[in-house]
Amino acid sequence: MAEHRKPLPHPTPETKDFWDGTKAGELRLQRCNDCTHTYFPPRPFCPECASRSVSSFKASGRGKLYSYVINHRPAPGFEHDAPYAIAVVELDEGPRMMTSMVGVEQTPEALVLDMPVAAVFEPGNEHLNVPKFRPAAGAAR
Amino acid sequence: MKPGSVAIVGAAETTEMGVIPDLSVIQLHADAALNTMKDAGLGPKDIDGVATAGESPVAIAHYLGITPTWLDGTAVGGCSFMLHVRHAAAAINEGLCRTVLITHGESGRSRVGAAGRWGSPASLQGQFEGPYGTSGPPSSFTIPVLRYMKEYGLTHEQLAMVAVVQREWAGMNPRASYRDPITVEDVLNSRMIAYPFHLLECCLVTDGGGALILTSADRAKDFPRKPVYIIGTGESSETPMVSQMEDFTTSKAFRVSGKKAFDEAGISHDDVDHLMVYDAFAHLPIYGLEDLGFCKRGEGAQFIWEGNTRPGGKLPLNTNGGGLSYMHSGMYGMYALQESVRQMRGIAPAQVPGAKISIAHGVGGMFAASGTIIMSNERP
């Protein structure tokens with residue numbers, strides 16, 4: 001059977017800046033220049049006030065583990081990883097994003113909700129890396 | 001819509017249900033449609049409106065020999081058929097068409113003539129969820145639940161109980177895929193699919209279809225079956241990405257759609273005799289009970305645990321056995337509507353005695369969209 005590779009994103013013109021950021025080791029978010037709303041996923045306008053005047057900025061890359069499942073039925077490319085967590089982290093800046101947890105056992109005991117996490121970047125291809133999160137110092141908040 | 005101005009005069013499912021390897025997707029639509037036309041005493045020349053999801057309404061109309069003056073291809077996942085009912089009611093009231101056929105068919109298990117399942121890697125889900133190993137609804141629809149468990153103290157046993165109660169209902173339904181009684185222990189001992197969800201807390205994957213015919217209430221009395229009036233409707237959407245839900249413990253789409261339907265119907269929760277909440281996974285009925293306003297936030301699981309939704313309970317819920325035990329083809333909303341119609345006609349296998357008002361509440365995608373239909377066998 002052919003070995004499946006993990007799916008990688010295909011950036012669009014509207015998301016390219018985010019993925020360029022991952023190549024530079026930065027987690028980038030967007031902020032509205034008019035109403036200051038910070039949001040994700042990227043788009044060239046503010047979903048709060050519809051302003052087209054928005055900026056990208058380098059986020060702290062820090063957040064907390066918001067929720068997750070531990071998947072026992074692997075997606076193509078994840079056969080050797082199962083069971084593995086599919087997580088959502090809440091970033092310190094507010095937005096949440098789906099991610100994987102690395103550097104930690106994929107068990108309910110090790111993955112404690114609200115534990116602090118920090119972004120790391122796993123090699124993807126010549127255009128992008130994949131942002132993932134590892135446990136960070138400090139206790140669950 | 002004006003409550004009670006439109007009625008369901010035809011309703012039927014596919015002849016077979018469960019595993020149907022000898023019918024393709026479009027023929028599942030057609031089989032359900034033919035059974036429904038027979039139920040209403042109509043032929044294709046009597047239908048002038050067609051709505052469907054999954055297939056194109058153009059394809060369905062042509063396949064069945066219908067010349068439509070109104071088409072609706074709204075496809076927002078499993079609740080699409082609730083939205084079709086709502087849109088059809090508006091269209092009939094506006095005079096765009098007189099008699100609408102809504103069809104569903106899906107070869108969820110056998111995959112005969114079925115389209116591919118995976119989205120584009122350039123879509124937002126493809127870019128921001130796919131790379132993390134989501135493998136369909138079992139590993140994405142379920143993600144909010146640990147947060148819910150932490151916020152409200154929902155236990156694994158309470159989650160398991162949802163499946164246990166629905167199996168009780170399925171035991172009363174000869175067409176249900178799984179009918180043998182199960183216990184909380186059985187659920188928790190079943191194979192882990194995506195922690196905290198075990199196999200028995202996930203919906204089935206089966207083949208089947210269903211269809212509905214709607215017309216104006218004034219015409220409805222001339223049809224062979226007892227009319228089932230549409231008295232309240234709602235729809236909404238939140239996000240195509242489960243990770244971007246505003247609050248993981250409640251569905252905004254559920255709340256907006258449900259409130260709209262209740263307001264339109266002008267009824268209170270105490271008036272509701274029967275409830276269907278699309279149960280792709282065991283947490284859905286809990287969210288549904290709370291977001292529709294039957295329970296306070298955080299109290300839905302206890303409401304089920306205490307037996308309120310069981311046979312003989314005060315709010316019979318998912319009386320066909322639901323997606324967990326009856327059938328789940330992929331877009332289950334049609335079967336929730338079918339069971340509400342059966343209950344209102346008084347012919348359900350697990351009939352709720354004297355039921356006059358039923359709600360069929362659907363979800364599309366992973367909490368992405370929602371539709372709510374309130375029906376009654378009495379014209380308001």
# chains A, B, ... in the order shown; residues from 1 in each chain; ligands from 1
$ interface_residues --of "chain A" --to "chain B" --cutoff "7 Å" --atoms "only C-alpha atoms" --output "JSON, numbers by chain"
{"A": [6, 7, 8, 9, 10, 11, 12, 66, 67, 68, 69, 70, 71, 72, 73, 74, 75, 78, 86, 88, 96, 97, 98, 99, 100]}
$ select_by_dssp --residues "range 218-308 of chain B" --states "strand (DSSP E or B)" --output "PyMOL selection string"
chain B and resi 228-237+274-277+281
$ closest_residue --among "A:Asn129, A:Arg43, A:Leu91, A:Gly124" --to "Leu65 in chain A" --atoms "only C-alpha atoms"
A:Leu91
$ atom_distance --atom1 "CA of Ile47 in chain B" --atom2 "CA of Pro21 in chain B"
29.0 Å
$ select_by_dssp --residues "range 12-133 of chain A" --states "helix (DSSP H, G or I)" --output "list of chain:residue names"
A:Lys16, A:Asp17, A:Phe18, A:Trp19, A:Asp20, A:Gly21, A:Thr22, A:Lys23
$ write_last_selection --atoms "all heavy atoms" --output "mmCIF file, in the first residue's frame"
data_model
loop_
_atom_site.group_PDB
_atom_site.id
_atom_site.type_symbol
_atom_site.label_atom_id
_atom_site.label_comp_id
_atom_site.auth_asym_id
_atom_site.auth_seq_id
_atom_site.Cartn_x
_atom_site.Cartn_y
_atom_site.Cartn_z
ATOM 1 N N LYS A 16 -1.687 33.764 2.371
ATOM 2 C CA LYS A 16 -0.256 33.587 2.108
ATOM 3 C C LYS A 16 0.606 34.211 3.204
ATOM 4 O O LYS A 16 1.601 33.620 3.637
ATOM 5 C CB LYS A 16 0.094 34.187 0.745
ATOM 6 C CG LYS A 16 1.560 33.981 0.343
ATOM 7 C CD LYS A 16 1.826 34.479 -1.079
ATOM 8 C CE LYS A 16 3.271 34.283 -1.486
ATOM 9 N NZ LYS A 16 4.211 35.051 -0.675
ATOM 10 N N ASP A 17 0.214 35.384 3.685
ATOM 11 C CA ASP A 17 1.014 36.054 4.723
ATOM 12 C C ASP A 17 1.127 35.186 5.979
ATOM 13 O O ASP A 17 2.188 35.095 6.585
ATOM 14 C CB ASP A 17 0.379 37.405 5.068
ATOM 15 C CG ASP A 17 1.094 38.071 6.236
ATOM 16 O OD1 ASP A 17 2.231 38.530 6.034
ATOM 17 O OD2 ASP A 17 0.537 38.095 7.358
ATOM 18 N N PHE A 18 0.029 34.533 6.341
ATOM 19 C CA PHE A 18 0.063 33.655 7.514
ATOM 20 C C PHE A 18 1.075 32.532 7.306
ATOM 21 O O PHE A 18 1.913 32.253 8.164
ATOM 22 C CB PHE A 18 -1.322 33.063 7.785
ATOM 23 C CG PHE A 18 -1.339 32.082 8.932
ATOM 24 C CD1 PHE A 18 -1.525 32.515 10.235
ATOM 25 C CD2 PHE A 18 -1.133 30.715 8.708
ATOM 26 C CE1 PHE A 18 -1.519 31.615 11.296
ATOM 27 C CE2 PHE A 18 -1.120 29.805 9.764
ATOM 28 C CZ PHE A 18 -1.322 30.264 11.064
ATOM 29 N N TRP A 19 0.992 31.907 6.131
ATOM 30 C CA TRP A 19 1.876 30.759 5.875
ATOM 31 C C TRP A 19 3.325 31.206 5.665
ATOM 32 O O TRP A 19 4.255 30.490 6.064
ATOM 33 C CB TRP A 19 1.342 29.932 4.705
ATOM 34 C CG TRP A 19 0.029 29.281 5.070
ATOM 35 C CD1 TRP A 19 -1.202 29.555 4.568
ATOM 36 C CD2 TRP A 19 -0.161 28.281 6.075
ATOM 37 N NE1 TRP A 19 -2.162 28.783 5.189
ATOM 38 C CE2 TRP A 19 -1.558 27.997 6.116
ATOM 39 C CE3 TRP A 19 0.693 27.603 6.954
ATOM 40 C CZ2 TRP A 19 -2.106 27.060 6.998
ATOM 41 C CZ3 TRP A 19 0.139 26.668 7.826
ATOM 42 C CH2 TRP A 19 -1.235 26.407 7.842
ATOM 43 N N ASP A 20 3.523 32.378 5.061
ATOM 44 C CA ASP A 20 4.886 32.926 4.987
ATOM 45 C C ASP A 20 5.451 33.086 6.399
ATOM 46 O O ASP A 20 6.623 32.830 6.652
ATOM 47 C CB ASP A 20 4.875 34.299 4.291
ATOM 48 C CG ASP A 20 4.641 34.177 2.786
ATOM 49 O OD1 ASP A 20 4.690 33.041 2.263
ATOM 50 O OD2 ASP A 20 4.385 35.221 2.149
ATOM 51 N N GLY A 21 4.585 33.503 7.313
ATOM 52 C CA GLY A 21 4.999 33.674 8.708
ATOM 53 C C GLY A 21 5.502 32.372 9.314
ATOM 54 O O GLY A 21 6.521 32.350 10.015
ATOM 55 N N THR A 22 4.819 31.290 9.002
ATOM 56 C CA THR A 22 5.244 30.007 9.585
ATOM 57 C C THR A 22 6.635 29.632 9.088
ATOM 58 O O THR A 22 7.419 29.030 9.820
ATOM 59 C CB THR A 22 4.260 28.869 9.234
ATOM 60 O OG1 THR A 22 4.247 28.676 7.814
ATOM 61 C CG2 THR A 22 2.863 29.190 9.719
ATOM 62 N N LYS A 23 6.946 30.027 7.851
ATOM 63 C CA LYS A 23 8.275 29.720 7.303
ATOM 64 C C LYS A 23 9.336 30.530 8.047
ATOM 65 O O LYS A 23 10.475 30.096 8.227
ATOM 66 C CB LYS A 23 8.286 30.065 5.798
ATOM 67 C CG LYS A 23 9.379 29.380 5.008
ATOM 68 C CD LYS A 23 9.194 27.870 4.970
ATOM 69 C CE LYS A 23 10.397 27.187 4.346
ATOM 70 N NZ LYS A 23 10.339 25.710 4.501
#
$ residues_around --residues "Ala12 in chain B" --least-positions-apart "6" --cutoff "9 Å" --atoms "only C-alpha atoms" --output "PDB file with C-alpha atoms, in the first residue's frame"
ATOM      1  CA  ALA B  32     -38.003   7.699  -1.504  1.00  0.00           C
ATOM      2  CA  ALA B  33     -39.662  10.152  -3.901  1.00  0.00           C
ATOM      3  CA  LEU B  34     -41.792   7.436  -5.536  1.00  0.00           C
ATOM      4  CA  ASN B  35     -42.913   6.156  -2.136  1.00  0.00           C
ATOM      5  CA  THR B  36     -43.754   9.711  -1.109  1.00  0.00           C
ATOM      6  CA  MET B  37     -45.701  10.510  -4.271  1.00  0.00           C
ATOM      7  CA  ASP B  39     -48.274   8.312  -0.109  1.00  0.00           C
ATOM      8  CA  GLY B 209     -33.387   8.079   1.766  1.00  0.00           C
ATOM      9  CA  GLY B 210     -36.559   9.961   2.453  1.00  0.00           C
ATOM     10  CA  ALA B 211     -38.817  12.531   0.833  1.00  0.00           C
ATOM     11  CA  LEU B 212     -41.570  14.962   1.717  1.00  0.00           C
ATOM     12  CA  GLN B 338     -39.860  11.759   8.842  1.00  0.00           C
TER      13      GLN B 338
END
$ residues_around --residues "Ala90 in chain B" --least-positions-apart "4" --cutoff "7 Å" --atoms "only C-alpha atoms" --output "ChimeraX atom specification"
/B:1,86,94
